[in-house]
Amino acid sequence: MAAKTQSSNHSKPKSGRLRAVARAELPTRYGRFSIYGFQGRGPQEEAVALVRGKLKGKSAPLVRVHSQCLTGDVLTSLRCDCRAQLELSLQKIGRAPSGILLYLPQEGRGIGLMNKLRAYELQDGGMDTVEANESLGFAADARDYDFSAKILKQLGATKIRLLSNNPEKVRQLERAGISVVERVPCQPRISKISRQYMQTKKTKMGHLLEGL
């Protein structure tokens, strides 16, 4: 059973460029968290952070940097593994001594919701997820994690254990000043529907996935 968040451990970070605009308690099925709303200066610079435990304790906090996926996280689509990864991450963080889940508005690996739906249409015509993004004029993965690194620093999490299968996410965070002391696999059970999508992420995007 997940330990309860001790709200006295977390004070609102302050920054001229990065602001914690709100903080509240958030009880979930995976435990109790403190939820923060962060805003930066850029138009896409906003995020939610779920925090639990002492982030500056002896062990590095377990961190998931999760990109918003309306179709998966909310509408339970099986085309991707996003919802399964989100649930697995909350479960693992809820059981860890401390942790953070950052939830970022990076729909469709950074191309936006409408373009993601256009990419889906191309995939229905035979393209894979990388080919569809590139056909629309985007990179296979257009995400940037500099803003995520700023939030982690504000929260005091400069050394982390990162829940991710994506080596590029590790590289970007470390380049931005976050020490990733361990990469923890974030691989839920793969469904028959999402298997091809996962295979593409492994072969074309370098994601570290087992059993494919």
# chains A, B, ... in the order shown; residues from 1 in each chain; ligands from 1
call {"tool": "residues_around", "arguments": {"residues": "A:Ala139", "least_positions_apart": "5", "cutoff": "10 Å", "atoms": "only C-alpha atoms", "output": "CSV table (one decimal) with N, CA and C atoms, in the first residue's frame"}}
result
chain,number,residue,atom,x,y,z
A,109,ARG,N,3.7,13.0,-29.5
A,109,ARG,CA,5.2,13.2,-29.5
A,109,ARG,C,5.5,14.6,-30.0
A,110,GLY,N,4.7,15.6,-29.6
A,110,GLY,CA,5.0,17.0,-29.8
A,110,GLY,C,4.3,17.6,-31.0
A,111,ILE,N,3.5,16.9,-31.8
A,111,ILE,CA,2.9,17.5,-33.0
A,111,ILE,C,1.5,18.1,-32.8
A,130,VAL,N,6.2,6.5,-37.4
A,130,VAL,CA,7.3,7.4,-37.8
A,130,VAL,C,7.1,7.9,-39.2
A,131,GLU,N,6.7,7.1,-40.2
A,131,GLU,CA,6.4,7.5,-41.5
A,131,GLU,C,5.3,8.5,-41.6
A,132,ALA,N,4.3,8.3,-40.8
A,132,ALA,CA,3.1,9.2,-40.8
A,132,ALA,C,3.5,10.6,-40.3
A,133,ASN,N,4.3,10.7,-39.2
A,133,ASN,CA,4.8,12.0,-38.7
A,133,ASN,C,5.6,12.7,-39.7
A,134,GLU,N,6.5,11.9,-40.3
A,134,GLU,CA,7.4,12.5,-41.3
A,134,GLU,C,6.7,13.0,-42.6
call {"tool": "select_by_dssp", "arguments": {"residues": "stretch 16-206 of chain A", "states": "helix (DSSP H, G or I)", "output": "mmCIF file with N, CA and C atoms, in the first residue's frame"}}
result
data_model
loop_
_atom_site.group_PDB
_atom_site.id
_atom_site.type_symbol
_atom_site.label_atom_id
_atom_site.label_comp_id
_atom_site.auth_asym_id
_atom_site.auth_seq_id
_atom_site.Cartn_x
_atom_site.Cartn_y
_atom_site.Cartn_z
ATOM 1 N N LEU A 70 -4.462 12.163 -25.197
ATOM 2 C CA LEU A 70 -5.913 12.156 -25.005
ATOM 3 C C LEU A 70 -6.509 10.813 -25.425
ATOM 4 N N THR A 71 -6.090 10.310 -26.582
ATOM 5 C CA THR A 71 -6.690 9.073 -27.089
ATOM 6 C C THR A 71 -6.357 7.877 -26.202
ATOM 7 N N GLY A 72 -5.147 7.848 -25.670
ATOM 8 C CA GLY A 72 -4.761 6.728 -24.816
ATOM 9 C C GLY A 72 -5.119 6.937 -23.358
ATOM 10 N N ASP A 73 -4.635 8.035 -22.758
ATOM 11 C CA ASP A 73 -4.830 8.276 -21.334
ATOM 12 C C ASP A 73 -6.294 8.406 -20.952
ATOM 13 N N VAL A 74 -7.084 9.075 -21.799
ATOM 14 C CA VAL A 74 -8.486 9.381 -21.476
ATOM 15 C C VAL A 74 -9.456 8.437 -22.184
ATOM 16 N N CYS A 82 0.356 4.382 -24.036
ATOM 17 C CA CYS A 82 0.448 5.549 -23.156
ATOM 18 C C CYS A 82 -0.315 5.377 -21.842
ATOM 19 N N ARG A 83 -1.563 4.964 -21.911
ATOM 20 C CA ARG A 83 -2.336 4.809 -20.682
ATOM 21 C C ARG A 83 -1.727 3.728 -19.790
ATOM 22 N N ALA A 84 -1.301 2.629 -20.403
ATOM 23 C CA ALA A 84 -0.693 1.550 -19.617
ATOM 24 C C ALA A 84 0.586 2.030 -18.942
ATOM 25 N N GLN A 85 1.385 2.844 -19.648
ATOM 26 C CA GLN A 85 2.594 3.395 -19.050
ATOM 27 C C GLN A 85 2.267 4.371 -17.922
ATOM 28 N N LEU A 86 1.240 5.181 -18.109
ATOM 29 C CA LEU A 86 0.831 6.131 -17.074
ATOM 30 C C LEU A 86 0.409 5.400 -15.804
ATOM 31 N N GLU A 87 -0.410 4.378 -15.955
ATOM 32 C CA GLU A 87 -0.884 3.631 -14.794
ATOM 33 C C GLU A 87 0.257 2.890 -14.109
ATOM 34 N N LEU A 88 1.143 2.279 -14.905
ATOM 35 C CA LEU A 88 2.286 1.581 -14.330
ATOM 36 C C LEU A 88 3.186 2.545 -13.570
ATOM 37 N N SER A 89 3.390 3.735 -14.119
ATOM 38 C CA SER A 89 4.242 4.736 -13.478
ATOM 39 C C SER A 89 3.651 5.205 -12.153
ATOM 40 N N LEU A 90 2.356 5.501 -12.146
ATOM 41 C CA LEU A 90 1.717 5.921 -10.894
ATOM 42 C C LEU A 90 1.783 4.823 -9.848
ATOM 43 N N GLN A 91 1.625 3.605 -10.281
ATOM 44 C CA GLN A 91 1.714 2.473 -9.355
ATOM 45 C C GLN A 91 3.115 2.373 -8.761
ATOM 46 N N LYS A 92 4.141 2.462 -9.593
ATOM 47 C CA LYS A 92 5.511 2.347 -9.110
ATOM 48 C C LYS A 92 5.913 3.532 -8.235
ATOM 49 N N ILE A 93 5.527 4.735 -8.632
ATOM 50 C CA ILE A 93 5.842 5.924 -7.840
ATOM 51 C C ILE A 93 5.104 5.884 -6.512
ATOM 52 N N GLY A 94 3.851 5.389 -6.535
ATOM 53 C CA GLY A 94 3.075 5.280 -5.305
ATOM 54 C C GLY A 94 3.688 4.333 -4.305
ATOM 55 N N ARG A 95 4.498 3.395 -4.771
ATOM 56 C CA ARG A 95 5.139 2.423 -3.877
ATOM 57 C C ARG A 95 6.564 2.811 -3.505
ATOM 58 N N GLU A 107 1.195 16.289 -26.931
ATOM 59 C CA GLU A 107 0.355 15.318 -27.651
ATOM 60 C C GLU A 107 1.017 14.878 -28.956
ATOM 61 N N GLY A 108 0.952 13.582 -29.221
ATOM 62 C CA GLY A 108 1.475 13.062 -30.485
ATOM 63 C C GLY A 108 2.974 13.224 -30.624
ATOM 64 N N ARG A 109 3.704 13.015 -29.519
ATOM 65 C CA ARG A 109 5.153 13.223 -29.484
ATOM 66 C C ARG A 109 5.515 14.638 -29.960
ATOM 67 N N GLY A 110 4.669 15.596 -29.564
ATOM 68 C CA GLY A 110 4.979 17.000 -29.787
ATOM 69 C C GLY A 110 4.342 17.647 -30.994
ATOM 70 N N LEU A 113 -2.672 17.528 -31.073
ATOM 71 C CA LEU A 113 -3.751 16.557 -31.195
ATOM 72 C C LEU A 113 -4.277 16.407 -32.617
ATOM 73 N N MET A 114 -4.565 17.512 -33.311
ATOM 74 C CA MET A 114 -5.136 17.404 -34.648
ATOM 75 C C MET A 114 -4.158 16.749 -35.616
ATOM 76 N N ASN A 115 -2.889 17.104 -35.509
ATOM 77 C CA ASN A 115 -1.895 16.455 -36.367
ATOM 78 C C ASN A 115 -1.725 14.983 -36.000
ATOM 79 N N LYS A 116 -1.888 14.656 -34.744
ATOM 80 C CA LYS A 116 -1.813 13.254 -34.359
ATOM 81 C C LYS A 116 -2.952 12.462 -34.994
ATOM 82 N N LEU A 117 -4.139 13.047 -35.034
ATOM 83 C CA LEU A 117 -5.263 12.370 -35.673
ATOM 84 C C LEU A 117 -5.034 12.229 -37.175
ATOM 85 N N ARG A 118 -4.408 13.223 -37.777
ATOM 86 C CA ARG A 118 -4.047 13.122 -39.194
ATOM 87 C C ARG A 118 -3.035 11.997 -39.394
ATOM 88 N N ALA A 119 -2.109 11.868 -38.453
ATOM 89 C CA ALA A 119 -1.134 10.772 -38.525
ATOM 90 C C ALA A 119 -1.825 9.418 -38.371
ATOM 91 N N TYR A 120 -2.815 9.345 -37.503
ATOM 92 C CA TYR A 120 -3.594 8.114 -37.364
ATOM 93 C C TYR A 120 -4.228 7.715 -38.703
ATOM 94 N N GLU A 121 -4.768 8.720 -39.400
ATOM 95 C CA GLU A 121 -5.416 8.452 -40.688
ATOM 96 C C GLU A 121 -4.412 7.868 -41.680
ATOM 97 N N LEU A 122 -3.200 8.420 -41.669
ATOM 98 C CA LEU A 122 -2.156 7.892 -42.552
ATOM 99 C C LEU A 122 -1.742 6.484 -42.144
ATOM 100 N N GLN A 123 -1.733 6.229 -40.846
ATOM 101 C CA GLN A 123 -1.400 4.884 -40.368
ATOM 102 C C GLN A 123 -2.470 3.881 -40.787
ATOM 103 N N ASP A 124 -3.722 4.301 -40.779
ATOM 104 C CA ASP A 124 -4.792 3.420 -41.253
ATOM 105 C C ASP A 124 -4.603 3.068 -42.729
ATOM 106 N N THR A 129 4.040 4.714 -37.467
ATOM 107 C CA THR A 129 3.944 5.974 -36.727
ATOM 108 C C THR A 129 5.032 6.970 -37.119
ATOM 109 N N VAL A 130 6.230 6.494 -37.427
ATOM 110 C CA VAL A 130 7.313 7.381 -37.840
ATOM 111 C C VAL A 130 7.061 7.914 -39.247
ATOM 112 N N GLU A 131 6.693 7.053 -40.169
ATOM 113 C CA GLU A 131 6.413 7.474 -41.547
ATOM 114 C C GLU A 131 5.286 8.495 -41.592
ATOM 115 N N ALA A 132 4.257 8.304 -40.760
ATOM 116 C CA ALA A 132 3.117 9.221 -40.755
ATOM 117 C C ALA A 132 3.532 10.611 -40.283
ATOM 118 N N ASN A 133 4.295 10.670 -39.183
ATOM 119 C CA ASN A 133 4.758 11.969 -38.688
ATOM 120 C C ASN A 133 5.620 12.681 -39.733
ATOM 121 N N GLU A 134 6.540 11.939 -40.338
ATOM 122 C CA GLU A 134 7.437 12.547 -41.311
ATOM 123 C C GLU A 134 6.697 12.966 -42.581
ATOM 124 N N SER A 135 5.661 12.222 -42.955
ATOM 125 C CA SER A 135 4.862 12.588 -44.122
ATOM 126 C C SER A 135 4.137 13.914 -43.918
ATOM 127 N N ASP A 146 13.697 20.305 -22.024
ATOM 128 C CA ASP A 146 14.347 21.369 -21.256
ATOM 129 C C ASP A 146 13.410 21.919 -20.180
ATOM 130 N N PHE A 147 12.136 22.117 -20.527
ATOM 131 C CA PHE A 147 11.168 22.625 -19.542
ATOM 132 C C PHE A 147 10.970 21.615 -18.415
ATOM 133 N N SER A 148 10.954 20.337 -18.761
ATOM 134 C CA SER A 148 10.839 19.297 -17.737
ATOM 135 C C SER A 148 12.007 19.368 -16.768
ATOM 136 N N ALA A 149 13.208 19.582 -17.298
ATOM 137 C CA ALA A 149 14.388 19.679 -16.443
ATOM 138 C C ALA A 149 14.283 20.878 -15.495
ATOM 139 N N LYS A 150 13.753 21.990 -15.989
ATOM 140 C CA LYS A 150 13.590 23.173 -15.141
ATOM 141 C C LYS A 150 12.648 22.879 -13.975
ATOM 142 N N ILE A 151 11.576 22.163 -14.237
ATOM 143 C CA ILE A 151 10.628 21.826 -13.179
ATOM 144 C C ILE A 151 11.282 20.904 -12.154
ATOM 145 N N LEU A 152 11.993 19.901 -12.622
ATOM 146 C CA LEU A 152 12.664 18.985 -11.700
ATOM 147 C C LEU A 152 13.651 19.727 -10.811
ATOM 148 N N LYS A 153 14.374 20.665 -11.388
ATOM 149 C CA LYS A 153 15.312 21.460 -10.594
ATOM 150 C C LYS A 153 14.583 22.294 -9.552
ATOM 151 N N GLN A 154 13.462 22.895 -9.933
ATOM 152 C CA GLN A 154 12.687 23.701 -8.989
ATOM 153 C C GLN A 154 12.173 22.846 -7.825
ATOM 154 N N LEU A 155 11.847 21.619 -8.118
ATOM 155 C CA LEU A 155 11.361 20.720 -7.080
ATOM 156 C C LEU A 155 12.500 20.136 -6.243
ATOM 157 N N PRO A 167 15.973 6.332 -24.698
ATOM 158 C CA PRO A 167 17.315 6.865 -24.431
ATOM 159 C C PRO A 167 17.449 8.356 -24.723
ATOM 160 N N GLU A 168 16.683 8.865 -25.694
ATOM 161 C CA GLU A 168 16.748 10.287 -26.023
ATOM 162 C C GLU A 168 16.245 11.136 -24.862
ATOM 163 N N LYS A 169 15.249 10.659 -24.146
ATOM 164 C CA LYS A 169 14.747 11.382 -22.975
ATOM 165 C C LYS A 169 15.841 11.472 -21.908
ATOM 166 N N VAL A 170 16.561 10.382 -21.707
ATOM 167 C CA VAL A 170 17.675 10.370 -20.756
ATOM 168 C C VAL A 170 18.733 11.381 -21.195
ATOM 169 N N ARG A 171 19.107 11.356 -22.470
ATOM 170 C CA ARG A 171 20.161 12.250 -22.974
ATOM 171 C C ARG A 171 19.766 13.714 -22.809
ATOM 172 N N GLN A 172 18.530 14.048 -23.168
ATOM 173 C CA GLN A 172 18.107 15.448 -23.071
ATOM 174 C C GLN A 172 18.074 15.940 -21.633
ATOM 175 N N LEU A 173 17.574 15.130 -20.719
ATOM 176 C CA LEU A 173 17.518 15.545 -19.317
ATOM 177 C C LEU A 173 18.915 15.727 -18.745
ATOM 178 N N GLU A 174 19.815 14.820 -19.075
ATOM 179 C CA GLU A 174 21.181 14.948 -18.571
ATOM 180 C C GLU A 174 21.873 16.159 -19.174
ATOM 181 N N ARG A 175 21.613 16.439 -20.440
ATOM 182 C CA ARG A 175 22.181 17.617 -21.089
ATOM 183 C C ARG A 175 21.660 18.907 -20.433
ATOM 184 N N ARG A 195 1.284 -3.909 -30.782
ATOM 185 C CA ARG A 195 2.579 -4.556 -30.994
ATOM 186 C C ARG A 195 3.367 -3.931 -32.153
ATOM 187 N N GLN A 196 2.712 -3.663 -33.278
ATOM 188 C CA GLN A 196 3.418 -3.077 -34.420
ATOM 189 C C GLN A 196 3.927 -1.678 -34.088
ATOM 190 N N TYR A 197 3.106 -0.907 -33.390
ATOM 191 C CA TYR A 197 3.501 0.435 -32.963
ATOM 192 C C TYR A 197 4.739 0.362 -32.073
ATOM 193 N N MET A 198 4.754 -0.585 -31.143
ATOM 194 C CA MET A 198 5.875 -0.750 -30.239
ATOM 195 C C MET A 198 7.125 -1.211 -30.995
ATOM 196 N N GLN A 199 6.924 -2.081 -31.958
ATOM 197 C CA GLN A 199 8.048 -2.557 -32.757
ATOM 198 C C GLN A 199 8.704 -1.403 -33.513
ATOM 199 N N THR A 200 7.886 -0.497 -34.037
ATOM 200 C CA THR A 200 8.414 0.675 -34.735
ATOM 201 C C THR A 200 9.206 1.559 -33.791
ATOM 202 N N LYS A 201 8.708 1.759 -32.570
ATOM 203 C CA LYS A 201 9.437 2.569 -31.596
ATOM 204 C C LYS A 201 10.797 1.945 -31.285
ATOM 205 N N LYS A 202 10.849 0.620 -31.271
ATOM 206 C CA LYS A 202 12.107 -0.055 -30.974
ATOM 207 C C LYS A 202 13.083 0.039 -32.147
ATOM 208 N N THR A 203 12.616 -0.288 -33.348
ATOM 209 C CA THR A 203 13.524 -0.391 -34.493
ATOM 210 C C THR A 203 13.877 0.966 -35.103
ATOM 211 N N LYS A 204 12.949 1.928 -35.108
ATOM 212 C CA LYS A 204 13.200 3.202 -35.767
ATOM 213 C C LYS A 204 13.527 4.344 -34.815
ATOM 214 N N MET A 205 13.146 4.204 -33.524
ATOM 215 C CA MET A 205 13.359 5.289 -32.586
ATOM 216 C C MET A 205 14.306 4.907 -31.448
#
call {"tool": "residues_around", "arguments": {"residues": "stretch 15-27 of chain A", "least_positions_apart": "4", "cutoff": "9 Å", "atoms": "only C-alpha atoms", "output": "CSV table (one decimal) with N, CA and C atoms, in the first residue's frame"}}
result
chain,number,residue,atom,x,y,z
A,4,LYS,N,1.4,7.7,2.5
A,4,LYS,CA,0.8,8.9,2.3
A,4,LYS,C,1.8,10.0,2.1
A,5,THR,N,1.4,11.0,1.3
A,5,THR,CA,2.3,12.1,1.1
A,5,THR,C,2.3,13.0,2.3
A,7,SER,N,2.5,16.5,3.3
A,7,SER,CA,2.4,17.8,2.6
A,7,SER,C,3.4,18.8,3.1
A,11,SER,N,7.2,22.9,-0.3
A,11,SER,CA,6.8,24.3,-0.4
A,11,SER,C,6.8,24.7,-1.8
A,31,GLY,N,-2.2,6.2,-4.2
A,31,GLY,CA,-1.7,6.9,-3.1
A,31,GLY,C,-2.0,8.3,-3.1
A,32,ARG,N,-1.6,9.1,-2.1
A,32,ARG,CA,-1.8,10.5,-2.0
A,32,ARG,C,-0.6,11.2,-2.5
A,33,PHE,N,-0.9,12.2,-3.4
A,33,PHE,CA,0.1,13.1,-4.0
A,33,PHE,C,-0.1,14.5,-3.7
A,34,SER,N,0.9,15.3,-3.8
A,34,SER,CA,0.7,16.8,-3.9
A,34,SER,C,0.8,17.1,-5.4
A,35,ILE,N,-0.2,17.8,-5.9
A,35,ILE,CA,-0.3,18.2,-7.3
A,35,ILE,C,0.1,19.7,-7.5
A,36,TYR,N,1.0,19.9,-8.4
A,36,TYR,CA,1.4,21.3,-8.7
A,36,TYR,C,1.1,21.6,-10.2
A,37,GLY,N,0.7,22.9,-10.4
A,37,GLY,CA,0.6,23.4,-11.7
A,37,GLY,C,1.8,24.4,-12.0
A,38,PHE,N,2.5,24.1,-13.1
A,38,PHE,CA,3.7,24.9,-13.4
A,38,PHE,C,3.4,25.7,-14.7
A,39,GLN,N,3.9,26.9,-14.8
A,39,GLN,CA,3.9,27.7,-16.0
A,39,GLN,C,5.2,28.3,-16.2
A,40,GLY,N,5.7,28.3,-17.5
A,40,GLY,CA,6.8,29.1,-17.9
A,40,GLY,C,6.5,30.2,-18.8
A,41,ARG,N,7.4,30.8,-19.6
A,41,ARG,CA,7.1,31.9,-20.4
A,41,ARG,C,6.6,31.5,-21.8
A,45,GLU,N,4.7,26.0,-22.5
A,45,GLU,CA,5.4,25.8,-21.2
A,45,GLU,C,4.4,25.7,-20.0
A,50,LEU,N,2.9,15.6,-10.1
A,50,LEU,CA,2.4,14.9,-9.0
A,50,LEU,C,3.6,14.5,-8.2
A,147,PHE,N,12.1,22.1,-20.5
A,147,PHE,CA,11.2,22.6,-19.5
A,147,PHE,C,11.0,21.6,-18.4
A,150,LYS,N,13.8,22.0,-16.0
A,150,LYS,CA,13.6,23.2,-15.1
A,150,LYS,C,12.6,22.9,-14.0
A,151,ILE,N,11.6,22.2,-14.2
A,151,ILE,CA,10.6,21.8,-13.2
A,151,ILE,C,11.3,20.9,-12.2
A,154,GLN,N,13.5,22.9,-9.9
A,154,GLN,CA,12.7,23.7,-9.0
A,154,GLN,C,12.2,22.8,-7.8
call {"tool": "residues_around", "arguments": {"residues": "stretch 182-191 of chain A", "least_positions_apart": "2", "cutoff": "6 Å", "atoms": "only C-alpha atoms", "output": "list of chain:residue names"}}
result
A:Arg161, A:Leu162, A:Leu163, A:Ser164, A:Asn165, A:Val180, A:Ile193, A:Ser194
call {"tool": "write_last_selection", "arguments": {"atoms": "C-alpha atoms", "output": "PDB file, in the first residue's frame"}}
result
ATOM      1  CA  ARG A 161      15.684   7.396 -11.266  1.00  0.00           C
ATOM      2  CA  LEU A 162      13.858   7.772 -14.577  1.00  0.00           C
ATOM      3  CA  LEU A 163      10.960   5.560 -15.628  1.00  0.00           C
ATOM      4  CA  SER A 164      11.473   5.431 -19.379  1.00  0.00           C
ATOM      5  CA  ASN A 165      12.331   3.230 -22.346  1.00  0.00           C
ATOM      6  CA  VAL A 180      19.800  10.187 -14.290  1.00  0.00           C
ATOM      7  CA  ILE A 193      -3.108  -4.107 -31.323  1.00  0.00           C
ATOM      8  CA  SER A 194      -0.146  -2.014 -30.147  1.00  0.00           C
TER       9      SER A 194
END
call {"tool": "select_by_dssp", "arguments": {"residues": "stretch 87-204 of chain A", "states": "strand (DSSP E or B)", "output": "VMD selection string"}}
result
chain A and resid 99 to 104 159 to 163 179 to 184
call {"tool": "atom_distance", "arguments": {"atom1": "atom CA of A:Gly137", "atom2": "atom CA of A:Pro105"}}
result
19.9 Å
call {"tool": "residues_around", "arguments": {"residues": "A:Ser67", "least_positions_apart": "3", "cutoff": "6 Å", "atoms": "only C-alpha atoms", "output": "ChimeraX atom specification"}}
result
/A:103-104,106
call {"tool": "residues_around", "arguments": {"residues": "stretch 58-61 of chain A", "least_positions_apart": "5", "cutoff": "10 Å", "atoms": "only C-alpha atoms", "output": "PyMOL selection string"}}
result
chain A and resi 51-53+93+96-100+157-162+179-182
call {"tool": "closest_residue", "arguments": {"among": "A:Gly42, A:Leu75, A:Gly112, A:Gly126", "to": "A:Phe138", "atoms": "only C-alpha atoms"}}
result
A:Gly112
call {"tool": "closest_residue", "arguments": {"among": "A:Ser77, A:Leu62, A:Arg143, A:Leu101", "to": "A:Gln44", "atoms": "only C-alpha atoms"}}
result
A:Arg143
call {"tool": "decode", "arguments": {"residues": "stretch 80-99 of chain A", "atoms": "N, CA and C atoms", "output": "short mmCIF file (atom, residue, chain, number, x, y, z; two decimals), in the first residue's frame"}}
result
data_model
loop_
_atom_site.label_atom_id
_atom_site.label_comp_id
_atom_site.auth_asym_id
_atom_site.auth_seq_id
_atom_site.Cartn_x
_atom_site.Cartn_y
_atom_site.Cartn_z
N CYS A 80 -1.68 2.71 -28.80
CA CYS A 80 -0.41 3.03 -28.16
C CYS A 80 -0.38 2.43 -26.76
N ASP A 81 0.73 2.62 -26.08
CA ASP A 81 0.88 2.09 -24.72
C ASP A 81 0.84 3.19 -23.67
N CYS A 82 0.36 4.38 -24.04
CA CYS A 82 0.45 5.55 -23.16
C CYS A 82 -0.32 5.38 -21.84
N ARG A 83 -1.56 4.96 -21.91
CA ARG A 83 -2.34 4.81 -20.68
C ARG A 83 -1.73 3.73 -19.79
N ALA A 84 -1.30 2.63 -20.40
CA ALA A 84 -0.69 1.55 -19.62
C ALA A 84 0.59 2.03 -18.94
N GLN A 85 1.39 2.84 -19.65
CA GLN A 85 2.59 3.40 -19.05
C GLN A 85 2.27 4.37 -17.92
N LEU A 86 1.24 5.18 -18.11
CA LEU A 86 0.83 6.13 -17.07
C LEU A 86 0.41 5.40 -15.80
N GLU A 87 -0.41 4.38 -15.95
CA GLU A 87 -0.88 3.63 -14.79
C GLU A 87 0.26 2.89 -14.11
N LEU A 88 1.14 2.28 -14.90
CA LEU A 88 2.29 1.58 -14.33
C LEU A 88 3.19 2.54 -13.57
N SER A 89 3.39 3.73 -14.12
CA SER A 89 4.24 4.74 -13.48
C SER A 89 3.65 5.21 -12.15
N LEU A 90 2.36 5.50 -12.15
CA LEU A 90 1.72 5.92 -10.89
C LEU A 90 1.78 4.82 -9.85
N GLN A 91 1.62 3.60 -10.28
CA GLN A 91 1.71 2.47 -9.36
C GLN A 91 3.11 2.37 -8.76
N LYS A 92 4.14 2.46 -9.59
CA LYS A 92 5.51 2.35 -9.11
C LYS A 92 5.91 3.53 -8.23
N ILE A 93 5.53 4.73 -8.63
CA ILE A 93 5.84 5.92 -7.84
C ILE A 93 5.10 5.88 -6.51
N GLY A 94 3.85 5.39 -6.54
CA GLY A 94 3.08 5.28 -5.31
C GLY A 94 3.69 4.33 -4.30
N ARG A 95 4.50 3.40 -4.77
CA ARG A 95 5.14 2.42 -3.88
C ARG A 95 6.56 2.81 -3.51
N ALA A 96 7.12 3.80 -4.21
CA ALA A 96 8.50 4.21 -3.97
C ALA A 96 8.58 5.16 -2.77
N PRO A 97 9.77 5.29 -2.17
CA PRO A 97 9.92 6.23 -1.05
C PRO A 97 9.60 7.67 -1.44
N SER A 98 9.93 8.03 -2.69
CA SER A 98 9.61 9.37 -3.18
C SER A 98 9.55 9.33 -4.70
N GLY A 99 8.84 10.28 -5.26
CA GLY A 99 8.75 10.29 -6.71
C GLY A 99 7.96 11.45 -7.27
#
